[in-house]
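Structure file final-v5.cif (mmCIF, C-alpha atoms) follows.
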data_final
#
loop_
_atom_site.label_atom_id
_atom_site.label_comp_id
_atom_site.auth_asym_id
_atom_site.auth_seq_id
_atom_site.Cartn_x
_atom_site.Cartn_y
_atom_site.Cartn_z
CA MET E 1 135.10 118.70 107.87
CA SER E 2 134.22 115.14 108.68
CA THR E 3 130.60 114.33 109.29
CA GLU E 4 128.75 111.35 110.63
CA LEU E 5 125.30 110.06 109.86
CA ALA E 6 123.35 108.54 112.74
CA ASP E 7 119.87 107.52 113.77
CA LEU E 8 118.06 109.98 116.00
CA ASN E 9 115.94 108.54 118.76
CA LEU E 10 113.26 111.17 119.21
CA ASN E 11 111.95 109.46 122.32
CA ARG E 12 115.00 110.76 124.12
CA ARG E 13 114.27 114.24 125.37
CA PRO E 14 117.67 115.89 124.65
CA VAL E 15 117.75 114.42 121.15
CA TYR E 16 114.22 115.57 120.48
CA LYS E 17 115.11 119.09 121.67
CA LYS E 18 118.15 119.35 119.41
CA TRP E 19 116.13 118.05 116.49
CA GLN E 20 113.24 120.43 117.11
CA GLU E 21 115.59 123.41 117.50
CA LEU E 22 117.12 122.76 114.10
CA LEU E 23 113.72 122.42 112.44
CA ILE E 24 112.34 125.55 114.07
CA SER E 25 115.41 127.49 112.96
CA ARG E 26 114.48 126.44 109.42
CA ASP E 27 110.89 127.51 109.84
CA ILE E 28 109.32 124.08 110.22
CA SER E 29 106.88 124.35 113.07
CA ASN E 30 104.30 121.56 112.99
CA PHE E 31 105.16 119.27 115.88
CA SER E 32 101.69 117.94 116.60
CA VAL E 33 101.78 114.64 118.46
CA GLU E 34 100.03 112.88 115.58
CA GLU E 35 102.58 114.06 113.03
CA VAL E 36 105.58 113.22 115.17
CA ASN E 37 104.24 109.83 116.29
CA ASN E 38 103.79 108.97 112.67
CA ILE E 39 107.51 109.12 111.94
CA ASP E 40 109.14 105.75 111.28
CA GLU E 41 112.80 106.73 111.22
CA THR E 42 114.82 109.89 111.71
CA ILE E 43 118.43 110.47 110.79
CA GLY E 44 120.85 113.22 111.69
CA LEU E 45 124.13 114.38 110.28
CA PHE E 46 126.66 115.52 112.88
CA ASP E 47 129.97 117.35 112.56
CA ASN E 48 133.00 116.23 114.57
CA GLU E 49 131.91 118.36 117.52
CA GLN E 50 128.55 116.60 117.65
CA HIS E 51 126.58 119.53 116.30
CA LEU E 52 123.48 118.52 114.41
CA LEU E 53 123.94 119.85 110.86
CA ALA E 54 121.03 118.27 109.08
CA THR E 55 118.13 115.93 109.60
CA GLY E 56 115.44 114.07 107.72
CA SER E 57 112.68 111.56 108.50
CA ILE E 58 110.49 109.02 106.81
CA ALA E 59 106.86 108.31 107.65
CA GLY E 60 105.24 105.63 105.53
CA ASN E 61 106.29 106.51 102.00
CA VAL E 62 106.81 110.21 102.71
CA LEU E 63 110.06 112.08 103.33
CA LYS E 64 109.50 114.60 106.09
CA TYR E 65 111.15 117.09 108.38
CA ILE E 66 114.17 117.63 106.18
CA ALA E 67 116.29 120.56 107.32
CA ILE E 68 119.86 121.74 106.99
CA LYS E 69 121.42 124.14 109.44
CA ALA E 70 121.71 127.75 108.28
CA GLY E 71 125.14 128.40 106.74
CA HIS E 72 125.35 124.83 105.45
CA GLU E 73 122.37 124.81 103.13
CA GLU E 74 124.39 126.03 100.15
CA ASN E 75 126.22 122.79 100.45
CA GLY E 76 124.22 120.56 98.14
CA ALA E 77 126.29 117.58 99.23
CA ILE E 78 124.64 117.52 102.66
CA PHE E 79 121.18 117.61 101.16
CA ASN E 80 122.05 114.84 98.71
CA GLN E 81 123.49 112.72 101.49
CA ILE E 82 120.33 113.03 103.59
CA VAL E 83 118.03 112.28 100.66
CA THR E 84 120.17 109.29 99.61
CA GLU E 85 120.04 107.79 103.07
CA LEU E 86 116.29 108.33 103.43
CA THR E 87 115.69 106.87 99.96
CA ASN E 88 117.73 103.77 100.74
CA ARG E 89 115.83 103.28 103.97
CA LEU E 90 112.51 103.60 102.18
CA VAL E 91 113.54 101.01 99.62
CA ARG E 92 114.68 98.69 102.40
CA ARG E 93 111.21 99.05 103.91
CA GLY E 94 109.74 98.01 100.59
CA PHE E 95 108.68 101.41 99.25
CA THR E 96 109.78 102.17 95.72
CA HIS E 97 107.46 105.12 95.28
CA PHE E 98 107.75 108.08 97.60
CA PHE E 99 106.64 111.64 98.19
CA VAL E 100 107.88 114.82 99.70
CA PHE E 101 106.06 117.96 100.81
CA THR E 102 108.17 121.03 100.92
CA LYS E 103 108.20 124.76 100.57
CA PRO E 104 108.14 126.11 97.01
CA GLU E 105 111.69 127.45 97.33
CA TYR E 106 113.07 123.93 97.90
CA SER E 107 111.22 122.32 95.02
CA HIS E 108 114.18 122.69 92.67
CA SER E 109 116.53 120.91 95.08
CA PHE E 110 114.29 117.86 95.00
CA LYS E 111 113.85 118.03 91.24
CA PHE E 112 117.61 117.96 91.04
CA VAL E 113 117.69 114.53 92.67
CA GLY E 114 115.02 112.99 90.49
CA PHE E 115 111.71 114.11 92.04
CA GLN E 116 108.83 115.34 89.89
CA GLU E 117 106.39 118.00 90.98
CA LEU E 118 102.74 116.93 91.20
CA ALA E 119 101.17 120.15 92.41
CA SER E 120 102.12 123.44 93.93
CA SER E 121 100.54 126.26 95.85
CA ARG E 122 101.86 129.39 97.47
CA PHE E 123 102.52 127.49 100.70
CA GLY E 124 103.95 124.24 99.47
CA VAL E 125 104.58 121.71 96.79
CA VAL E 126 104.26 117.95 96.62
CA LEU E 127 106.71 115.90 94.58
CA GLU E 128 107.08 112.20 93.85
CA LYS E 129 109.84 109.86 92.82
CA GLY E 130 110.19 106.19 91.91
CA THR E 131 107.81 103.69 90.40
CA THR E 132 104.97 103.78 89.68
CA THR E 133 104.41 107.48 89.03
CA ILE E 134 101.18 109.28 88.29
CA THR E 135 101.71 108.72 84.56
CA ASP E 136 101.86 104.96 85.11
CA TYR E 137 98.83 105.15 87.42
CA LEU E 138 96.73 107.04 84.88
CA MET E 139 97.67 104.58 82.15
CA SER E 140 96.68 101.65 84.36
CA LEU E 141 93.09 102.92 84.83
CA PRO E 142 90.31 101.48 82.68
CA HIS E 143 89.19 103.58 79.73
CA SER E 144 86.13 103.43 77.56
CA PRO E 145 86.12 103.80 73.75
CA ASN E 146 85.75 107.39 72.53
CA GLN E 147 86.13 108.70 76.04
CA ALA E 148 87.15 112.10 74.72
CA GLU E 149 83.62 112.64 73.32
CA LYS E 150 81.80 111.40 76.42
CA SER E 151 80.61 113.25 79.49
CA VAL E 152 82.72 111.87 82.29
CA ALA E 153 82.25 112.45 86.04
CA ALA E 154 84.19 111.47 89.14
CA ILE E 155 83.42 110.78 92.78
CA VAL E 156 86.04 110.31 95.45
CA MET E 157 84.97 108.33 98.50
CA HIS E 158 86.44 106.70 101.55
CA ALA E 159 83.38 104.44 101.90
CA ASN E 160 84.26 103.19 105.36
CA PRO E 161 81.92 101.38 104.75
CA PHE E 162 79.77 101.94 101.64
CA THR E 163 76.36 103.38 102.64
CA LEU E 164 73.14 104.30 100.88
CA GLY E 165 74.49 107.85 100.87
CA HIS E 166 77.44 106.79 98.73
CA GLN E 167 75.10 104.77 96.54
CA PHE E 168 72.87 107.79 96.04
CA LEU E 169 75.82 109.87 94.80
CA VAL E 170 76.88 107.15 92.37
CA ARG E 171 73.32 106.68 91.08
CA LYS E 172 72.93 110.38 90.38
CA ALA E 173 76.26 110.60 88.61
CA ALA E 174 75.63 107.42 86.62
CA GLN E 175 72.26 108.71 85.43
CA GLU E 176 73.55 112.14 84.48
CA ASN E 177 76.77 111.10 82.67
CA ASP E 178 78.06 108.65 80.09
CA LEU E 179 80.81 107.44 82.37
CA VAL E 180 81.66 107.70 86.09
CA TYR E 181 84.92 107.01 87.87
CA VAL E 182 84.53 106.18 91.54
CA PHE E 183 87.90 106.64 93.22
CA VAL E 184 88.13 104.75 96.49
CA VAL E 185 90.55 106.23 99.00
CA LYS E 186 93.49 103.94 99.61
CA ASN E 187 94.33 103.67 103.28
CA ASP E 188 94.51 100.74 105.61
CA ALA E 189 94.27 102.71 108.84
CA SER E 190 90.46 102.53 108.58
CA LEU E 191 88.08 100.03 110.15
CA PHE E 192 87.37 98.55 106.72
CA SER E 193 90.52 97.74 104.76
CA THR E 194 91.12 99.15 101.30
CA GLU E 195 90.37 95.79 99.72
CA GLU E 196 87.10 95.42 101.64
CA ARG E 197 85.99 98.97 100.86
CA MET E 198 86.78 98.50 97.15
CA ARG E 199 84.77 95.27 97.12
CA LEU E 200 81.76 96.81 98.86
CA VAL E 201 81.75 99.77 96.48
CA GLN E 202 81.95 97.39 93.52
CA GLU E 203 79.11 95.25 94.83
CA GLY E 204 76.98 98.25 95.73
CA THR E 205 77.32 99.88 92.30
CA LYS E 206 77.03 96.77 90.13
CA GLU E 207 73.69 97.78 88.64
CA TRP E 208 75.25 100.71 86.76
CA LYS E 209 77.24 99.53 83.78
CA ASN E 210 78.88 102.90 83.17
CA VAL E 211 80.73 103.03 86.50
CA PHE E 212 84.42 102.23 86.95
CA VAL E 213 85.44 101.60 90.55
CA VAL E 214 89.16 102.30 90.89
CA SER E 215 91.71 102.95 93.60
CA GLY E 216 92.63 106.54 94.35
CA ALA E 217 96.15 105.18 94.92
CA ASP E 218 98.53 107.73 96.40
CA TYR E 219 96.90 110.62 94.58
CA LEU E 220 93.46 111.21 96.07
CA VAL E 221 92.98 111.79 99.80
CA SER E 222 95.86 109.45 100.50
CA TYR E 223 97.92 109.26 103.62
CA ALA E 224 100.76 110.63 101.49
CA THR E 225 99.12 113.69 99.99
CA PHE E 226 96.45 114.51 102.55
CA PRO E 227 97.47 113.20 105.99
CA ALA E 228 95.13 115.66 107.71
CA TYR E 229 92.22 113.52 106.60
CA PHE E 230 93.49 110.88 109.00
CA LEU E 231 95.28 112.92 111.66
CA LYS E 232 93.97 115.76 113.76
CA THR E 233 95.47 118.85 112.18
CA PRO E 234 95.25 122.65 112.41
CA ASP E 235 92.99 124.34 109.85
CA ASP E 236 95.68 126.12 107.87
CA VAL E 237 97.49 122.82 107.31
CA ILE E 238 94.23 121.20 106.19
CA LYS E 239 93.69 124.06 103.75
CA TYR E 240 97.16 123.69 102.32
CA GLN E 241 96.94 119.92 101.94
CA THR E 242 93.46 119.99 100.42
CA THR E 243 94.61 122.63 97.93
CA LEU E 244 97.39 120.34 96.71
CA ASP E 245 94.98 117.39 96.59
CA ALA E 246 92.47 119.41 94.55
CA ARG E 247 95.15 120.60 92.14
CA ILE E 248 96.52 117.11 91.51
CA PHE E 249 92.97 116.10 90.60
CA ARG E 250 92.27 119.18 88.50
CA ASP E 251 95.58 119.39 86.64
CA LEU E 252 96.68 115.77 86.23
CA ILE E 253 93.88 113.27 86.80
CA ALA E 254 90.83 115.04 85.33
CA PRO E 255 92.41 116.02 81.99
CA ALA E 256 93.85 112.53 81.42
CA LEU E 257 90.40 110.94 81.78
CA ASN E 258 88.31 113.79 80.33
CA ILE E 259 86.57 114.27 83.69
CA LYS E 260 84.46 117.43 83.61
CA LYS E 261 82.35 117.02 86.77
CA ARG E 262 82.97 115.95 90.31
CA TYR E 263 80.10 114.96 92.61
CA LEU E 264 80.32 115.85 96.28
CA GLY E 265 78.05 115.13 99.23
CA THR E 266 77.41 117.97 101.69
CA GLU E 267 79.31 117.51 104.90
CA PRO E 268 77.44 118.48 108.06
CA PHE E 269 79.68 116.69 110.59
CA SER E 270 83.32 116.26 109.67
CA HIS E 271 85.26 119.47 110.03
CA THR E 272 88.09 118.28 107.80
CA THR E 273 85.82 117.09 105.01
CA GLY E 274 83.93 120.39 105.28
CA ILE E 275 87.12 122.32 104.58
CA TYR E 276 88.00 119.85 101.81
CA ASN E 277 84.68 120.56 100.08
CA GLN E 278 85.22 124.32 100.33
CA THR E 279 88.65 123.93 98.79
CA LEU E 280 87.27 121.83 95.94
CA LEU E 281 84.58 124.42 95.23
CA ARG E 282 87.25 127.09 95.01
CA GLU E 283 89.91 125.16 93.08
CA LEU E 284 88.10 122.92 90.60
CA PRO E 285 86.15 125.37 88.38
CA PRO E 286 86.17 126.08 85.54
CA ALA E 287 88.14 123.00 84.42
CA VAL E 288 85.98 120.66 86.50
CA GLN E 289 82.47 121.53 87.63
CA PRO E 290 81.73 120.51 91.24
CA ILE E 291 78.20 119.21 91.80
CA VAL E 292 77.10 119.28 95.41
CA LEU E 293 74.28 117.00 96.47
CA GLU E 294 72.43 117.23 99.77
CA ARG E 295 73.44 114.41 102.03
CA LYS E 296 71.04 111.51 101.76
CA LYS E 297 68.58 110.93 104.57
CA SER E 298 67.19 107.61 105.65
CA ALA E 299 63.47 106.84 105.44
CA GLU E 300 63.02 108.28 108.95
CA GLY E 301 64.79 111.45 107.99
CA LYS E 302 68.10 110.74 109.72
CA LEU E 303 71.30 111.77 107.97
CA ILE E 304 73.23 108.79 106.71
CA THR E 305 76.86 108.65 107.79
CA ALA E 306 79.43 105.90 107.77
CA THR E 307 80.48 107.01 111.27
CA GLU E 308 77.08 106.02 112.58
CA VAL E 309 77.44 102.64 110.89
CA ARG E 310 80.77 102.06 112.60
CA MET E 311 79.32 103.08 115.96
CA ALA E 312 76.51 100.54 115.51
CA ILE E 313 79.06 97.83 114.77
CA LYS E 314 80.91 98.69 117.93
CA GLU E 315 77.73 98.45 119.95
CA ARG E 316 76.63 95.32 118.14
CA LYS E 317 73.39 96.96 117.06
CA VAL E 318 73.69 96.25 113.38
CA GLU E 319 69.92 95.93 112.92
CA ASN E 320 69.64 99.66 113.75
CA ILE E 321 71.46 100.63 110.57
CA SER E 322 69.69 98.44 108.05
CA HIS E 323 68.14 101.55 106.50
CA PHE E 324 71.60 103.20 106.21
CA ILE E 325 73.43 100.63 104.12
CA PRO E 326 72.72 98.52 101.05
CA GLN E 327 72.15 94.78 101.41
CA THR E 328 75.62 94.04 100.10
CA THR E 329 77.31 96.01 102.89
CA MET E 330 74.93 94.53 105.48
CA THR E 331 75.78 90.98 104.42
CA PHE E 332 79.48 91.71 104.67
CA ILE E 333 79.14 93.25 108.14
CA LYS E 334 77.06 90.34 109.42
CA ASP E 335 79.54 87.81 108.02
CA ASN E 336 82.51 89.63 109.52
CA ILE E 337 81.10 91.11 112.71
CA ASP E 338 83.52 89.23 114.98
CA ASN E 339 86.49 90.28 112.93
CA LEU E 340 85.38 93.94 112.83
CA GLU E 341 84.77 93.95 116.54
CA LYS E 342 88.23 92.54 117.12
CA ARG E 343 89.74 95.41 115.13
CA ILE E 344 87.85 97.96 117.21
CA LYS E 345 88.98 96.27 120.42
CA LYS E 346 92.55 96.35 119.16
CA GLY E 347 92.28 100.13 119.09
CA MET E 348 91.11 100.94 115.57
CA LYS E 349 89.70 104.44 115.67
CA ILE E 350 86.11 104.56 114.48
CA SER E 351 85.17 108.15 115.19
CA GLY E 352 87.27 109.89 112.51
CA ASN E 353 86.50 110.00 108.81
CA MET U 1 116.11 87.62 82.40
CA GLU U 2 112.99 88.72 84.25
CA ILE U 3 113.14 91.53 86.75
CA LYS U 4 111.58 90.30 89.99
CA ASN U 5 111.40 93.43 92.07
CA THR U 6 112.19 97.11 91.91
CA ALA U 7 115.69 97.82 93.20
CA ILE U 8 117.92 100.79 93.78
CA ALA U 9 121.68 101.28 93.88
CA GLY U 10 124.11 104.17 94.14
CA THR U 11 123.83 107.53 95.87
CA LEU U 12 123.08 111.14 95.02
CA GLU U 13 126.52 112.26 96.07
CA SER U 14 129.03 113.92 93.80
CA SER U 15 130.66 111.62 91.19
CA ASP U 16 128.04 108.96 91.76
CA ILE U 17 124.80 107.91 90.11
CA GLN U 18 121.60 106.58 91.67
CA ILE U 19 119.79 104.01 89.57
CA MET U 20 116.36 102.56 90.13
CA LEU U 21 115.41 99.54 88.05
CA SER U 22 111.93 98.13 87.68
CA GLN U 23 109.84 95.96 85.38
CA GLY U 24 109.05 97.30 81.95
CA ASN U 25 107.38 96.03 78.83
CA ASN U 26 108.72 98.28 76.13
CA GLY U 27 112.42 97.59 75.78
CA ILE U 28 114.90 99.43 77.97
CA GLU U 29 113.39 102.81 78.84
CA ILE U 30 115.73 105.20 80.57
CA GLU U 31 114.74 108.40 82.34
CA LEU U 32 117.94 110.28 83.02
CA GLU U 33 118.41 113.33 85.20
CA SER U 34 121.84 114.87 84.84
CA GLU U 35 123.46 118.25 84.72
CA VAL U 36 125.60 117.03 81.85
CA LYS U 37 122.79 115.31 80.00
CA ALA U 38 123.23 117.39 76.87
CA LYS U 39 126.88 116.42 76.51
CA PHE U 40 127.04 112.94 78.07
CA GLY U 41 123.42 111.72 78.21
CA ALA U 42 123.79 109.39 75.23
CA GLN U 43 127.00 107.90 76.64
CA ILE U 44 125.46 107.32 80.09
CA ASN U 45 122.43 105.64 78.52
CA ALA U 46 124.70 103.48 76.38
CA VAL U 47 126.68 102.22 79.39
CA ILE U 48 123.48 101.38 81.28
CA THR U 49 121.86 99.65 78.29
CA GLU U 50 125.01 97.71 77.45
CA THR U 51 125.38 96.45 81.02
CA LEU U 52 121.71 95.41 81.27
CA LYS U 53 122.05 93.56 77.95
CA GLN U 54 124.83 91.48 79.47
CA TYR U 55 122.30 90.31 82.05
CA GLU U 56 119.94 89.53 79.17
CA ILE U 57 117.47 92.07 80.48
CA GLU U 58 115.33 93.02 77.49
CA ASN U 59 112.60 95.08 79.18
CA ALA U 60 113.12 97.47 82.05
CA LYS U 61 112.33 100.91 83.34
CA VAL U 62 115.42 102.73 84.49
CA LYS U 63 115.38 105.94 86.49
CA ALA U 64 118.83 107.39 86.88
CA VAL U 65 119.98 110.50 88.70
CA ASP U 66 123.54 111.25 87.67
CA LYS U 67 125.87 113.42 89.72
CA GLY U 68 128.84 113.30 87.37
CA ALA U 69 129.67 109.60 87.52
CA LEU U 70 132.44 108.14 85.37
CA ASP U 71 131.64 105.20 83.08
CA CYS U 72 133.18 102.66 85.44
CA VAL U 73 130.95 103.94 88.28
CA ILE U 74 127.87 103.85 86.07
CA LYS U 75 128.68 100.29 85.11
CA ALA U 76 129.30 99.24 88.73
CA ARG U 77 126.01 100.76 89.90
CA THR U 78 124.12 99.16 87.01
CA ILE U 79 125.58 95.76 87.85
CA THR U 80 124.54 96.15 91.49
CA VAL U 81 121.03 97.29 90.71
CA ALA U 82 120.58 94.52 88.13
CA GLN U 83 121.72 91.85 90.57
CA ARG U 84 119.34 93.20 93.19
CA ALA U 85 116.39 93.48 90.82
CA LEU U 86 116.94 89.96 89.52
CA GLY U 87 117.14 88.65 93.06
CA ILE U 88 120.65 87.25 92.52
CA ALA U 89 122.67 89.64 94.66
CA ASP U 90 124.37 86.65 96.31
CA GLN U 91 125.45 85.10 92.98
CA PRO U 92 127.66 87.60 91.18
CA ALA U 93 127.66 87.17 87.40
CA TRP U 94 131.41 87.20 86.94
CA GLU U 95 131.35 87.33 83.16
CA VAL U 96 129.70 90.77 83.30
CA PHE U 97 132.55 92.27 85.29
#
Show me this structure written as structure tokens.
Amino acid sequence: MSTELADLNLNRRPVYKKWQELLISRDISNFSVEEVNNIDETIGLFDNEQHLLATGSIAGNVLKYIAIKAGHEENGAIFNQIVTELTNRLVRRGFTHFFVFTKPEYSHSFKFVGFQELASSRFGVVLEKGTTTITDYLMSLPHSPNQAEKSVAAIVMHANPFTLGHQFLVRKAAQENDLVYVFVVKNDASLFSTEERMRLVQEGTKEWKNVFVVSGADYLVSYATFPAYFLKTPDDVIKYQTTLDARIFRDLIAPALNIKKRYLGTEPFSHTTGIYNQTLLRELPPAVQPIVLERKKSAEGKLITATEVRMAIKERKVENISHFIPQTTMTFIKDNIDNLEKRIKKGMKISGN
Amino acid sequence: MEIKNTAIAGTLESSDIQIMLSQGNNGIEIELESEVKAKFGAQINAVITETLKQYEIENAKVKAVDKGALDCVIKARTITVAQRALGIADQPAWEVF
């Protein structure tokens, strides 16, 4: 049987229908607009009668929507061909480190072509391949002498931007532990870029000498492992993604750094973060003890949220939020107000997380 | 020679090998995935190492997924990935062939 590999243009209705039919027949059913719009490239493998035998897509550094028509799935060659093509396309786009989410029963097929499993749950697994892997990432993080004997805590934050609420969490953790890792979520789809957010966290936590501010890379609330944080997503998908995120932290990151506690802020507003917190409370103990702190209120008793800060920037009412953010963040916003406003005008979403 | 960027060559199809080459700092470190690793792993590693040595690559991380490639294929894929990683894909090093 001769086959042909081709690009699929999902904007064309008949192509989209064929593609969706194949995926549905293989039990893949999430076709939310956000997920589908996020796809960068899709390929299809056709037989000589133009039947779609297999497909696969890439979105950022993630392989997605991989399916092989029933009756052909025993044929490992088709799977290998699809994964090869997707891999080559990722490398051409400059990604040398990539991820795949799949059902537990397909995990071994990916392991067979060089992927390594990061975490698994009943509903799915996440695997990675390439450089640098989680082992390299963990080795690249700063360590302190005798870390194994110290009490070490972690906080994961998006800090978009860094507020007094974030500062409060860090202060608490820094006072109660020998060492604190602050993992800043890596994602440039936010109003404040990763680099800016890292800088503001560093500046806002300078007074505590026992705090390491590090990137969460692709392993903590990243676009790769937890896309629901950034895209509107049904609850069961959020639960599944947060479970994998929590398990990567619990099983790989925490043991490598001797992290025994994780500080969380209560989440009154964001639905997704609310579910994330519930998942962490369920998954982390007993290996890691979650410590939940009431969300910080401003002097007037208003809850501090980064969303409110972004809204104020949009409305050019920065003076209204002076009691929400530390001086360091305020200075940055004032110095860059035109630039930030431009990003909002260009369509940067400010309402999300 | 210094590896400039991470590169990839080869496929995951039968009788081929996919090799990813990136910077390292601890000699030539090879991670090999192969169904015949027990029997031919040492030989595959030797071909890769030997070929990289000809490019005077002293430090590198190699991730290889073998699907039953013959030595000549392994060598060809290593040459390609080395040329790409060194940024000299347009200047073939004839003496290595």
The PyMOL selection byres ((chain U) within 7 of (chain E)) resolved against shown file, as number ranges by chain: U: 6, 11-13, 33, 65
Answer key for the PyMOL selection byres ((chain E and resi 266-272) around 12), residues as an NGL selection string: :E and (165-166 or 169 or 221 or 226-242 or 263-265 or 273-279 or 281 or 290-297 or 303-308 or 351-353)
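Non-sequential neighbours of Glu41 in chain E (distance at most 12 Å, separation of 5 or more positions within a chain, all atoms listed in the file) are Ala6, Asp7, Leu8, Asn9, Leu10, Asn11, Val36, Thr55, Gly56, Ser57, Ile58, Ala59, Gly60, Asn61, Val62, Leu63, Lys64, Tyr65, Glu85, Leu86, Thr87, Asn88, Arg89, Leu90 and Arg93 of chain E.
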Hits from the PyMOL selection byres ((chain E and resi 211) around 8), listed as a ChimeraX atom specification: /E:174,179-182,205,208-210,212-213
Nearest residue to Glu31 in chain U from the set E:Thr243, E:Phe31, E:Tyr16, E:Gln116 (distances using only C-alpha atoms): E:Gln116
Point-to-point distance in Å for CA of Arg197 in chain E and CA of Pro145 in chain E: 27.5 Å
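CA of Ile253 in chain E is found 12.2 Å from CA of Thr133 in chain E.
A straight line drawn from CA of Ile68 in chain E to CA of Leu53 in chain E is 5.9 Å long.
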How big is the axis-aligned box around the listed atoms of range 16-21 of chain E once 3 Å is added on each side, and where is its centre? Give both in Å to one decimal, as JSON.
{"center_x": 115.7, "center_y": 119.5, "center_z": 119.1, "size_x": 10.9, "size_y": 13.8, "size_z": 11.2}
For Ile79 in chain U: contacts at 12 Å, all atoms listed in the file, fewer than 3 positions along chain excluded, given as a PyMOL selection string: chain U and resi 7-10+19-21+47-55+57+72-76+82-86+88-89+91-97
Near-Asp71 in chain U list (12 Å; all atoms listed in the file; drop same-chain fewer than 5 positions) as a ChimeraX atom specification: /U:15-17,40-48,50-51,66,76-78
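With distances restricted to all atoms listed in the file, U:Asn26 is the closest residue to Glu58 in chain U from U:Ser14, U:Asn5, U:Asn26, U:Thr80.
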Pick from U:Asp90, U:Leu70, U:Ala38, U:Ala64 nearest to Gln18 in chain U, counting all atoms listed in the file: U:Ala64
Pick from E:His323, E:Arg316, E:Lys334, E:Arg262, whichever lies nearest to Ala299 in chain E using only C-alpha atoms: E:His323
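The smallest atom-to-atom distance between Glu2 in chain U and any of U:Lys37, U:Gln23, U:Lys61, U:Ile28, using all atoms listed in the file, is found for U:Gln23.
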Range 1-5 of chain E environment, 6 Å, all atoms listed in the file, sequence neighbours closer than 6 positions dropped, as a PyMOL selection string: chain E and resi 44-47
Could those selected residues go to a file with C-alpha atoms, as a PDB file, in the coordinates of the input?
ATOM      1  CA  GLY E  44     120.850 113.220 111.690  1.00  0.00           C
ATOM      2  CA  LEU E  45     124.130 114.380 110.280  1.00  0.00           C
ATOM      3  CA  PHE E  46     126.660 115.520 112.880  1.00  0.00           C
ATOM      4  CA  ASP E  47     129.970 117.350 112.560  1.00  0.00           C
TER       5      ASP E  47
END
